[in-house]
$ cat protein.cif   # mmCIF, C-alpha atoms
data_model
loop_
_atom_site.group_PDB
_atom_site.id
_atom_site.type_symbol
_atom_site.label_atom_id
_atom_site.label_comp_id
_atom_site.auth_asym_id
_atom_site.auth_seq_id
_atom_site.Cartn_x
_atom_site.Cartn_y
_atom_site.Cartn_z
ATOM 1 C CA MET A 1 30.561 75.958 -56.685
ATOM 2 C CA THR A 2 31.404 73.975 -53.571
ATOM 3 C CA PHE A 3 34.412 71.650 -53.448
ATOM 4 C CA THR A 4 32.005 68.682 -53.453
ATOM 5 C CA GLN A 5 30.319 69.935 -56.627
ATOM 6 C CA PHE A 6 33.704 70.577 -58.224
ATOM 7 C CA LEU A 7 34.902 67.028 -57.470
ATOM 8 C CA LEU A 8 31.701 65.503 -58.848
ATOM 9 C CA GLN A 9 31.690 67.641 -61.994
ATOM 10 C CA ASN A 10 35.325 66.792 -62.754
ATOM 11 C CA ASP A 11 34.960 63.041 -62.089
ATOM 12 C CA TYR A 12 37.313 62.840 -59.121
ATOM 13 C CA ALA A 13 34.759 60.673 -57.315
ATOM 14 C CA SER A 14 31.225 59.364 -57.786
ATOM 15 C CA LEU A 15 28.178 60.808 -56.058
ATOM 16 C CA ALA A 16 27.968 57.763 -53.763
ATOM 17 C CA GLU A 17 31.644 58.120 -52.820
ATOM 18 C CA LEU A 18 31.270 61.828 -52.088
ATOM 19 C CA GLU A 19 28.215 61.114 -49.937
ATOM 20 C CA GLU A 20 30.280 58.535 -48.032
ATOM 21 C CA ALA A 21 33.055 61.093 -47.488
ATOM 22 C CA SER A 22 30.579 63.791 -46.448
ATOM 23 C CA GLN A 23 29.060 61.455 -43.869
ATOM 24 C CA ALA A 24 32.561 60.820 -42.515
ATOM 25 C CA THR A 25 33.103 64.554 -42.015
ATOM 26 C CA VAL A 26 29.812 64.756 -40.099
ATOM 27 C CA LEU A 27 30.763 61.816 -37.876
ATOM 28 C CA TYR A 28 34.448 62.519 -37.337
ATOM 29 C CA GLY A 29 34.905 66.182 -38.252
ATOM 30 C CA GLY A 30 37.651 67.563 -40.451
ATOM 31 C CA ARG A 31 37.653 68.659 -44.055
ATOM 32 C CA LEU A 32 36.276 66.768 -47.044
ATOM 33 C CA GLY A 33 39.771 66.207 -48.461
ATOM 34 C CA THR A 34 40.810 64.471 -45.245
ATOM 35 C CA ALA A 35 37.860 62.072 -45.475
ATOM 36 C CA LEU A 36 38.617 61.342 -49.138
ATOM 37 C CA ILE A 37 42.211 60.403 -48.260
ATOM 38 C CA GLU A 38 41.091 58.414 -45.220
ATOM 39 C CA LEU A 39 38.614 56.375 -47.287
ATOM 40 C CA GLY A 40 41.158 55.691 -50.028
ATOM 41 C CA LEU A 41 39.148 57.649 -52.585
ATOM 42 C CA MET A 42 41.969 60.098 -53.385
ATOM 43 C CA THR A 43 45.684 60.328 -52.663
ATOM 44 C CA PRO A 44 47.139 63.405 -50.915
ATOM 45 C CA ASP A 45 48.674 64.507 -54.233
ATOM 46 C CA GLN A 46 45.282 64.232 -55.946
ATOM 47 C CA VAL A 47 43.631 66.289 -53.213
ATOM 48 C CA ASP A 48 46.390 68.920 -53.560
ATOM 49 C CA ALA A 49 45.834 69.170 -57.318
ATOM 50 C CA ALA A 50 42.036 69.259 -56.975
ATOM 51 C CA LEU A 51 42.134 72.018 -54.345
ATOM 52 C CA ALA A 52 44.457 74.115 -56.508
ATOM 53 C CA ARG A 53 42.108 73.767 -59.484
ATOM 54 C CA HIS A 54 39.047 74.470 -57.357
ATOM 55 C CA TYR A 55 40.496 77.699 -55.936
ATOM 56 C CA ASP A 56 42.212 78.592 -59.226
ATOM 57 C CA LEU A 57 45.596 78.802 -57.496
ATOM 58 C CA PRO A 58 49.017 77.343 -58.383
ATOM 59 C CA VAL A 59 49.899 73.890 -57.098
ATOM 60 C CA ILE A 60 52.411 74.053 -54.217
ATOM 61 C CA PRO A 61 55.846 72.974 -55.512
ATOM 62 C CA ALA A 62 56.835 69.578 -54.122
ATOM 63 C CA GLU A 63 60.171 70.903 -52.871
ATOM 64 C CA TRP A 64 58.403 73.492 -50.691
ATOM 65 C CA LEU A 65 56.387 70.741 -49.029
ATOM 66 C CA ALA A 66 59.471 68.578 -48.619
ATOM 67 C CA LYS A 67 61.595 71.371 -47.138
ATOM 68 C CA PRO A 68 59.796 74.622 -46.227
ATOM 69 C CA ASP A 69 61.988 77.734 -46.295
ATOM 70 C CA ALA A 70 63.470 78.650 -42.877
ATOM 71 C CA ALA A 71 63.209 82.374 -43.731
ATOM 72 C CA ALA A 72 59.490 81.931 -44.398
ATOM 73 C CA ARG A 73 58.991 80.187 -41.049
ATOM 74 C CA ALA A 74 60.807 83.035 -39.306
ATOM 75 C CA ALA A 75 58.271 85.522 -40.710
ATOM 76 C CA LEU A 76 55.325 84.048 -38.751
ATOM 77 C CA HIS A 77 55.020 83.012 -35.113
ATOM 78 C CA VAL A 78 53.992 79.389 -34.641
ATOM 79 C CA ASP A 79 50.921 80.429 -32.634
ATOM 80 C CA LEU A 80 49.611 82.401 -35.621
ATOM 81 C CA VAL A 81 50.395 79.451 -37.905
ATOM 82 C CA LYS A 82 48.330 77.149 -35.674
ATOM 83 C CA ARG A 83 45.467 79.604 -35.229
ATOM 84 C CA HIS A 84 44.987 80.347 -38.917
ATOM 85 C CA ARG A 85 46.167 76.968 -40.231
ATOM 86 C CA ALA A 86 48.466 78.912 -42.528
ATOM 87 C CA PHE A 87 51.862 77.336 -43.132
ATOM 88 C CA PRO A 88 54.763 79.541 -44.380
ATOM 89 C CA LEU A 89 56.382 77.752 -47.307
ATOM 90 C CA ASN A 90 58.754 80.118 -49.101
ATOM 91 C CA PHE A 91 60.086 83.662 -48.893
ATOM 92 C CA GLU A 92 61.378 85.720 -51.801
ATOM 93 C CA LYS A 93 61.595 89.440 -52.556
ATOM 94 C CA ARG A 94 59.318 90.505 -49.679
ATOM 95 C CA SER A 95 56.698 87.983 -50.811
ATOM 96 C CA LEU A 96 55.640 85.301 -48.355
ATOM 97 C CA HIS A 97 54.223 82.184 -49.986
ATOM 98 C CA VAL A 98 51.742 80.608 -47.573
ATOM 99 C CA GLY A 99 49.702 77.408 -47.754
ATOM 100 C CA LEU A 100 46.266 77.918 -46.226
ATOM 101 C CA VAL A 101 43.522 75.451 -45.399
ATOM 102 C CA ASP A 102 41.112 78.319 -46.206
ATOM 103 C CA PRO A 103 42.948 80.338 -48.893
ATOM 104 C CA ARG A 104 40.024 82.667 -49.653
ATOM 105 C CA ASN A 105 39.575 83.995 -46.099
ATOM 106 C CA GLU A 106 40.402 87.698 -46.520
ATOM 107 C CA ALA A 107 40.584 88.331 -42.756
ATOM 108 C CA VAL A 108 43.232 85.618 -42.354
ATOM 109 C CA LEU A 109 45.237 86.953 -45.320
ATOM 110 C CA ASP A 110 45.151 90.474 -43.855
ATOM 111 C CA ASP A 111 46.260 89.196 -40.451
ATOM 112 C CA ILE A 112 49.194 87.303 -41.968
ATOM 113 C CA ALA A 113 50.224 90.294 -44.087
ATOM 114 C CA PHE A 114 50.149 92.576 -41.033
ATOM 115 C CA ALA A 115 52.087 90.126 -38.820
ATOM 116 C CA SER A 116 54.775 89.418 -41.408
ATOM 117 C CA GLY A 117 54.985 92.811 -43.088
ATOM 118 C CA CYS A 118 55.055 90.960 -46.411
ATOM 119 C CA LEU A 119 52.974 90.593 -49.513
ATOM 120 C CA VAL A 120 51.139 87.280 -48.990
ATOM 121 C CA VAL A 121 50.884 84.829 -51.899
ATOM 122 C CA PRO A 122 48.239 82.209 -50.982
ATOM 123 C CA TYR A 123 48.142 78.522 -51.926
ATOM 124 C CA ALA A 124 45.493 75.910 -51.172
ATOM 125 C CA LEU A 125 46.810 73.554 -48.487
ATOM 126 C CA ALA A 126 44.951 70.338 -47.656
ATOM 127 C CA GLU A 127 44.179 69.802 -43.977
ATOM 128 C CA PHE A 128 46.182 66.562 -44.191
ATOM 129 C CA ARG A 129 49.242 68.467 -45.486
ATOM 130 C CA PHE A 130 48.942 71.082 -42.725
ATOM 131 C CA VAL A 131 48.897 68.420 -39.979
ATOM 132 C CA GLN A 132 51.750 66.584 -41.696
ATOM 133 C CA LEU A 133 53.904 69.747 -41.866
ATOM 134 C CA MET A 134 53.119 70.798 -38.299
ATOM 135 C CA HIS A 135 54.169 67.363 -37.065
ATOM 136 C CA ARG A 136 57.349 67.163 -39.149
ATOM 137 C CA ILE A 137 58.557 70.772 -38.896
ATOM 138 C CA TYR A 138 57.248 72.007 -35.548
ATOM 139 C CA GLY A 139 56.915 68.673 -33.750
ATOM 140 C CA VAL A 140 53.203 69.140 -33.041
ATOM 141 C CA ALA A 141 51.717 65.753 -32.111
ATOM 142 C CA PRO A 142 48.814 64.771 -34.400
ATOM 143 C CA SER A 143 45.514 63.435 -33.094
ATOM 144 C CA THR A 144 44.940 59.681 -33.037
ATOM 145 C CA ARG A 145 42.989 59.935 -36.277
ATOM 146 C CA PHE A 146 45.771 61.759 -38.110
ATOM 147 C CA LYS A 147 48.467 59.562 -36.586
ATOM 148 C CA THR A 148 46.936 56.648 -38.493
ATOM 149 C CA LEU A 149 46.418 58.770 -41.584
ATOM 150 C CA LEU A 150 50.064 59.896 -41.633
ATOM 151 C CA ASP A 151 51.182 56.267 -41.908
ATOM 152 C CA GLU A 152 52.065 56.042 -45.587
ATOM 153 C CA GLY A 153 51.875 52.242 -45.673
ATOM 154 C CA ALA A 154 48.397 52.207 -44.118
ATOM 155 C CA ARG A 155 47.194 54.838 -46.615
ATOM 156 C CA ALA A 156 48.549 52.828 -49.532
ATOM 157 C CA ARG A 157 46.749 49.683 -48.378
ATOM 158 C CA VAL A 158 43.426 51.518 -48.040
ATOM 159 C CA PHE A 159 43.877 53.134 -51.457
ATOM 160 C CA ARG A 160 44.655 49.782 -53.131
ATOM 161 C CA ALA A 161 41.599 48.201 -51.505
ATOM 162 C CA ARG A 162 39.419 51.036 -52.784
ATOM 163 C CA GLU A 163 40.853 50.744 -56.302
ATOM 164 C CA THR A 164 40.021 47.028 -56.286
ATOM 165 C CA GLN A 165 36.480 47.795 -55.142
ATOM 166 C CA ARG A 166 36.047 50.420 -57.866
ATOM 167 C CA SER A 167 37.298 47.960 -60.474
ATOM 168 C CA HIS A 168 34.782 45.322 -59.366
ATOM 169 C CA VAL A 169 31.935 47.848 -59.457
ATOM 170 C CA ALA A 170 32.954 48.964 -62.947
ATOM 171 C CA ASP A 171 33.081 45.355 -64.160
ATOM 172 C CA GLU A 172 29.637 44.620 -62.726
ATOM 173 C CA ARG A 173 28.162 47.695 -64.402
ATOM 174 C CA ALA A 174 29.795 46.815 -67.707
ATOM 175 C CA ASN A 175 28.377 43.288 -67.595
ATOM 176 C CA GLU A 176 24.975 44.630 -66.597
ATOM 177 C CA ASN A 177 24.867 47.110 -69.456
ATOM 178 C CA ASP A 178 26.343 44.975 -72.248
ATOM 179 C CA ALA A 179 22.927 44.612 -73.889
ATOM 180 C CA LEU A 180 22.295 48.370 -73.665
ATOM 181 C CA GLU A 181 25.200 49.497 -75.841
ATOM 182 C CA ILE A 182 24.077 51.867 -78.592
ATOM 183 C CA GLY A 183 25.859 51.343 -81.898
ATOM 184 C CA PRO A 184 26.316 53.835 -84.771
ATOM 185 C CA LEU A 185 23.560 54.517 -87.269
ATOM 186 C CA ALA A 186 23.674 52.160 -90.220
ATOM 187 C CA ALA A 187 23.065 55.024 -92.628
ATOM 188 C CA ASP A 188 22.833 58.798 -92.582
ATOM 189 C CA LEU A 189 19.450 60.108 -91.546
ATOM 190 C CA SER A 190 19.502 62.510 -94.472
ATOM 191 C CA ASP A 191 21.941 63.181 -97.279
ATOM 192 C CA GLY A 192 24.747 65.565 -96.332
ATOM 193 C CA ALA A 193 23.159 66.483 -93.019
ATOM 194 C CA GLU A 194 24.320 66.035 -89.447
ATOM 195 C CA ALA A 195 21.726 64.634 -87.041
ATOM 196 C CA PHE A 196 21.866 65.138 -83.310
ATOM 197 C CA PHE A 197 19.672 64.727 -80.250
ATOM 198 C CA VAL A 198 18.714 67.116 -77.520
ATOM 199 C CA ALA A 199 17.423 65.038 -74.622
ATOM 200 C CA ALA A 200 16.730 66.402 -71.153
ATOM 201 C CA PRO A 201 16.465 65.948 -68.269
ATOM 202 C CA ALA A 202 18.076 62.517 -67.938
ATOM 203 C CA LEU A 203 15.852 60.017 -66.146
ATOM 204 C CA PRO A 204 15.840 56.215 -65.658
ATOM 205 C CA LEU A 205 14.271 53.786 -68.129
ATOM 206 C CA ALA A 206 10.480 54.089 -68.241
ATOM 207 C CA ALA A 207 10.884 57.006 -65.858
ATOM 208 C CA PRO A 208 7.991 58.320 -63.762
ATOM 209 C CA LYS A 209 7.134 61.950 -63.248
ATOM 210 C CA PRO A 210 9.670 63.812 -61.050
ATOM 211 C CA ALA A 211 7.233 63.782 -58.146
ATOM 212 C CA ALA A 212 7.177 59.986 -58.061
ATOM 213 C CA THR A 213 8.388 58.282 -54.894
ATOM 214 C CA ILE A 214 9.893 54.862 -54.313
ATOM 215 C CA ALA A 215 7.434 52.541 -52.613
ATOM 216 C CA ALA A 216 8.172 49.326 -50.750
ATOM 217 C CA ALA A 217 5.552 47.324 -52.614
ATOM 218 C CA ALA A 218 7.361 44.141 -53.646
ATOM 219 C CA PRO A 219 4.405 41.776 -53.018
ATOM 220 C CA ARG A 220 2.105 43.919 -55.154
ATOM 221 C CA VAL A 221 4.683 44.038 -57.926
ATOM 222 C CA ALA A 222 5.193 40.287 -57.896
ATOM 223 C CA ALA A 223 1.436 39.665 -58.150
ATOM 224 C CA SER A 224 1.145 42.116 -61.012
ATOM 225 C CA SER A 225 4.045 40.554 -62.873
ATOM 226 C CA ASN A 226 2.574 37.046 -62.496
ATOM 227 C CA LYS A 227 -0.555 38.162 -64.336
ATOM 228 C CA SER A 228 1.488 39.600 -67.182
ATOM 229 C CA GLY A 229 3.643 36.513 -67.455
ATOM 230 C CA LEU A 230 6.854 38.427 -66.746
ATOM 231 C CA ALA A 231 7.695 36.993 -63.317
ATOM 232 C CA GLN A 232 10.372 34.546 -64.464
ATOM 233 C CA HIS A 233 13.012 36.694 -62.702
ATOM 234 C CA PRO A 234 13.147 38.739 -59.457
ATOM 235 C CA ALA A 235 10.775 41.699 -59.475
ATOM 236 C CA GLU A 236 12.244 45.167 -58.909
ATOM 237 C CA PRO A 237 10.767 47.778 -56.534
ATOM 238 C CA ALA A 238 7.666 49.575 -57.724
ATOM 239 C CA LEU A 239 7.446 53.265 -58.441
ATOM 240 C CA GLU A 240 4.209 54.836 -57.336
ATOM 241 C CA ILE A 241 2.469 57.753 -58.995
ATOM 242 C CA ASP A 242 -0.888 58.536 -57.429
ATOM 243 C CA ASP A 243 -0.744 55.131 -55.693
ATOM 244 C CA THR A 244 -0.517 53.265 -59.036
ATOM 245 C CA PRO A 245 2.529 50.938 -59.104
ATOM 246 C CA ILE A 246 4.630 50.802 -62.266
ATOM 247 C CA LEU A 247 6.956 47.832 -62.761
ATOM 248 C CA LEU A 248 10.376 48.629 -64.174
ATOM 249 C CA ASP A 249 11.139 45.350 -65.939
ATOM 250 C CA ARG A 250 14.813 45.387 -66.953
ATOM 251 C CA ARG A 251 14.564 42.239 -69.039
ATOM 252 C CA ALA A 252 11.659 43.599 -71.083
ATOM 253 C CA ALA A 253 13.494 46.914 -71.434
ATOM 254 C CA ARG A 254 16.595 45.147 -72.742
ATOM 255 C CA VAL A 255 14.550 43.207 -75.317
ATOM 256 C CA ALA A 256 13.058 46.481 -76.548
ATOM 257 C CA LEU A 257 16.453 48.168 -76.680
ATOM 258 C CA GLU A 258 17.994 45.251 -78.549
ATOM 259 C CA SER A 259 15.188 45.451 -81.100
ATOM 260 C CA LEU A 260 15.808 49.182 -81.623
ATOM 261 C CA GLU A 261 19.545 48.559 -81.866
ATOM 262 C CA ARG A 262 19.031 45.911 -84.549
ATOM 263 C CA THR A 263 16.901 48.346 -86.537
ATOM 264 C CA LEU A 264 19.642 50.970 -86.372
ATOM 265 C CA ALA A 265 22.305 48.457 -87.353
ATOM 266 C CA GLU A 266 20.445 46.675 -90.149
ATOM 267 C CA SER A 267 17.784 48.931 -91.637
ATOM 268 C CA GLY A 268 18.452 51.069 -94.676
ATOM 269 C CA ASP A 269 15.075 52.765 -94.543
ATOM 270 C CA ARG A 270 15.267 56.433 -93.534
ATOM 271 C CA ALA A 271 11.840 56.477 -91.843
ATOM 272 C CA GLN A 272 12.642 53.370 -89.802
ATOM 273 C CA LEU A 273 15.990 54.812 -88.712
ATOM 274 C CA ILE A 274 14.383 58.067 -87.599
ATOM 275 C CA ALA A 275 11.654 56.240 -85.669
ATOM 276 C CA ALA A 276 14.118 53.870 -83.988
ATOM 277 C CA SER A 277 16.526 56.679 -83.096
ATOM 278 C CA ILE A 278 13.938 58.880 -81.412
ATOM 279 C CA ALA A 279 12.338 55.904 -79.635
ATOM 280 C CA LEU A 280 15.744 54.847 -78.291
ATOM 281 C CA ALA A 281 16.586 58.345 -77.042
ATOM 282 C CA ALA A 282 13.170 58.687 -75.399
ATOM 283 C CA ARG A 283 13.919 55.678 -73.207
ATOM 284 C CA PHE A 284 16.773 57.559 -71.516
ATOM 285 C CA ALA A 285 15.209 60.984 -71.120
ATOM 286 C CA GLU A 286 11.889 62.563 -70.282
ATOM 287 C CA THR A 287 11.805 64.339 -73.626
ATOM 288 C CA ALA A 288 13.873 63.565 -76.738
ATOM 289 C CA VAL A 289 14.122 65.716 -79.864
ATOM 290 C CA LEU A 290 15.931 64.879 -83.108
ATOM 291 C CA PHE A 291 17.224 67.765 -85.212
ATOM 292 C CA VAL A 292 18.811 67.802 -88.644
ATOM 293 C CA VAL A 293 21.448 70.467 -89.321
ATOM 294 C CA ARG A 294 22.383 71.605 -92.821
ATOM 295 C CA ASP A 295 24.480 74.675 -93.636
ATOM 296 C CA GLY A 296 24.257 75.945 -90.072
ATOM 297 C CA VAL A 297 20.457 75.737 -89.915
ATOM 298 C CA ALA A 298 18.744 73.342 -87.474
ATOM 299 C CA ALA A 299 15.344 71.867 -88.322
ATOM 300 C CA GLY A 300 13.255 69.798 -85.934
ATOM 301 C CA LEU A 301 12.685 66.296 -87.304
ATOM 302 C CA ALA A 302 10.895 64.317 -84.572
ATOM 303 C CA ALA A 303 10.124 64.470 -80.854
ATOM 304 C CA MET A 304 8.863 62.052 -78.209
ATOM 305 C CA ARG A 305 7.888 62.276 -74.569
ATOM 306 C CA GLY A 306 7.767 58.813 -73.035
ATOM 307 C CA GLU A 307 6.059 56.630 -75.655
ATOM 308 C CA GLU A 308 4.076 59.501 -77.162
ATOM 309 C CA GLU A 309 5.080 61.426 -80.276
ATOM 310 C CA ILE A 310 4.784 65.184 -79.715
ATOM 311 C CA ASP A 311 4.862 68.229 -81.979
ATOM 312 C CA VAL A 312 8.527 68.914 -82.698
ATOM 313 C CA GLU A 313 7.791 72.644 -83.041
#
$ encode --input "protein.cif" --output "structure tokens"
Amino acid sequence: MTFTQFLLQNDYASLAELEEASQATVLYGGRLGTALIELGLMTPDQVDAALARHYDLPVIPAEWLAKPDAAARAALHVDLVKRHRAFPLNFEKRSLHVGLVDPRNEAVLDDIAFASGCLVVPYALAEFRFVQLMHRIYGVAPSTRFKTLLDEGARARVFRARETQRSHVADERANENDALEIGPLAADLSDGAEAFFVAAPALPLAAPKPAATIAAAAPRVAASSNKSGLAQHPAEPALEIDDTPILLDRRAARVALESLERTLAESGDRAQLIAASIALAARFAETAVLFVVRDGVAAGLAAMRGEEEIDVE
């Protein structure tokens, strides 16, 4: 997988944040890790750890970054270090430990091994770290962009601002979704059995078919909602399928979800619990299926697609 996919899958950043960082690399160049540090989305240490995990390599010891080994530096000419963006970090027993911006480039590894006459042990080195080391150890002047980025105080201020922004976004989402919390079942769906859902793929509430496209049809939506008596709050954008607008009414959706939640919390009737459970799951996925498992055997119990019950088989 790409580094972007790895970061998203492991919750280092949200999709919107990664898109923002990717756009920065298009506009200003450089590696994704550099943009993430620049935008305050990750610290240099976090980028180091993420790169090591992504490439399945050890994390560079902090003492090597703080004070690279002089014997290691002597093994490679500075021109080769610049050309391959491969910084010599430590030397021991004919092994040269090297931090590389591209640690999986076999041609670069071969070139370094030939030039040094050593066994090369690669490590993932963030572009930011390479520029930082070149400036501190070899006196190579950074570009204007990196000169700002190397200012630790400036980085800390950007990172704190981003953390505050993330906190506000999280609070807003929590407030927005308070009414959508799903509580535990009030009773077991069947005696001695474990019930679970398989629901895929995940889609928004009252989701359209995958081919649906967002349409800028606010006036049409407002008119439609007036007729139905639901226009006591701002209308949301319409979704069009075959030119037929569908209104996603959050308030109506919340009322329905609250009703299902109350059933799950209060009802002791098995049939009602099953119906409410599958209806609730179907609101968050295109297809929802409820299974009951007993003694390692799964049996289909109920299935829904949208608002329609379908054959569980």
$ atom_distance --input "protein.cif" --atom1 "atom CA of A:Arg254" --atom2 "atom CA of A:Glu309"
21.3 Å
$ closest_residue --input "protein.cif" --among "A:Val292, A:Leu264, A:Leu125, A:Ile278" --to "A:Pro44" --atoms "all atoms listed in the file"
A:Leu125
$ atom_distance --input "protein.cif" --atom1 "atom CA of A:Asp69" --atom2 "atom CA of A:Phe91"
6.7 Å
$ atom_distance --input "protein.cif" --atom1 "atom CA of A:Arg94" --atom2 "atom CA of A:Leu119"
6.3 Å
$ closest_residue --input "protein.cif" --among "A:Ala35, A:Leu65, A:Ala50, A:Leu89" --to "A:Gln9" --atoms "only C-alpha atoms"
A:Ala50
$ closest_residue --input "protein.cif" --among "A:Ala253, A:Ala21, A:Ala302, A:Leu41" --to "A:Phe284" --atoms "all atoms listed in the file"
A:Ala253
$ residues_around --input "protein.cif" --residues "A:Phe87" --least-positions-apart "3" --cutoff "6 Å" --atoms "all atoms listed in the file" --output "PyMOL selection string"
chain A and resi 81+98-99
$ resolve_selection --input "protein.cif" --expression "the PyMOL selection byres ((chain A and resi 301) around 6)" --output "list in words"
Leu290, Phe291, Gly300 and Ala302 of chain A
$ resolve_selection --input "protein.cif" --expression "the PyMOL selection byres ((chain A and resi 55) around 10)" --output "list in words"
Phe3, Ala50, Leu51, Ala52, Arg53, His54, Asp56, Leu57, Pro58, Asp102, Pro103, Arg104, Tyr123 and Ala124 of chain A
$ closest_residue --input "protein.cif" --among "A:Leu133, A:Thr43, A:Glu261, A:Arg157" --to "A:Leu280" --atoms "all atoms listed in the file"
A:Glu261
$ axis_aligned_box --input "protein.cif" --around "stretch 274-278 of chain A" --padding-each-side "8 Å" --output "JSON"
{"center_x": 14.1, "center_y": 56.4, "center_z": -84.5, "size_x": 20.9, "size_y": 21.0, "size_z": 22.2}
$ resolve_selection --input "protein.cif" --expression "the PyMOL selection byres ((chain A and resi 77) around 12)" --output "list in words"
Ala71, Ala72, Arg73, Ala74, Ala75, Leu76, Val78, Asp79, Leu80, Val81, Lys82, Arg83, His84, Arg85, Ala86, Phe87, Pro88, Asp111, Ile112, Ala115, Ser116 and Tyr138 of chain A
$ write_last_selection --input "protein.cif" --atoms "C-alpha atoms" --output "tab-separated table (two decimals), in the frame of the given file"
chain	number	residue	atom	x	y	z
A	71	ALA	CA	63.21	82.37	-43.73
A	72	ALA	CA	59.49	81.93	-44.40
A	73	ARG	CA	58.99	80.19	-41.05
A	74	ALA	CA	60.81	83.04	-39.31
A	75	ALA	CA	58.27	85.52	-40.71
A	76	LEU	CA	55.32	84.05	-38.75
A	78	VAL	CA	53.99	79.39	-34.64
A	79	ASP	CA	50.92	80.43	-32.63
A	80	LEU	CA	49.61	82.40	-35.62
A	81	VAL	CA	50.40	79.45	-37.90
A	82	LYS	CA	48.33	77.15	-35.67
A	83	ARG	CA	45.47	79.60	-35.23
A	84	HIS	CA	44.99	80.35	-38.92
A	85	ARG	CA	46.17	76.97	-40.23
A	86	ALA	CA	48.47	78.91	-42.53
A	87	PHE	CA	51.86	77.34	-43.13
A	88	PRO	CA	54.76	79.54	-44.38
A	111	ASP	CA	46.26	89.20	-40.45
A	112	ILE	CA	49.19	87.30	-41.97
A	115	ALA	CA	52.09	90.13	-38.82
A	116	SER	CA	54.78	89.42	-41.41
A	138	TYR	CA	57.25	72.01	-35.55
$ closest_residue --input "protein.cif" --among "A:Met1, A:Leu260, A:Ala126, A:Leu96" --to "A:Asp45" --atoms "all atoms listed in the file"
A:Ala126
$ residues_around --input "protein.cif" --residues "A:Ser143" --least-positions-apart "6" --cutoff "12 Å" --atoms "all atoms listed in the file" --output "list of chain:residue names"
A:Tyr28, A:Gly30, A:Phe128, A:Val131, A:Gln132, A:Met134, A:His135, A:Leu149, A:Leu150
$ residues_around --input "protein.cif" --residues "A:Gln23" --least-positions-apart "6" --cutoff "10 Å" --atoms "all atoms listed in the file" --output "list of chain:residue names"
A:Glu17, A:Gly29, A:Leu32, A:Ala35
$ closest_residue --input "protein.cif" --among "A:Trp64, A:Phe6, A:Phe114, A:Tyr12" --to "A:Leu36" --atoms "only C-alpha atoms"
A:Tyr12
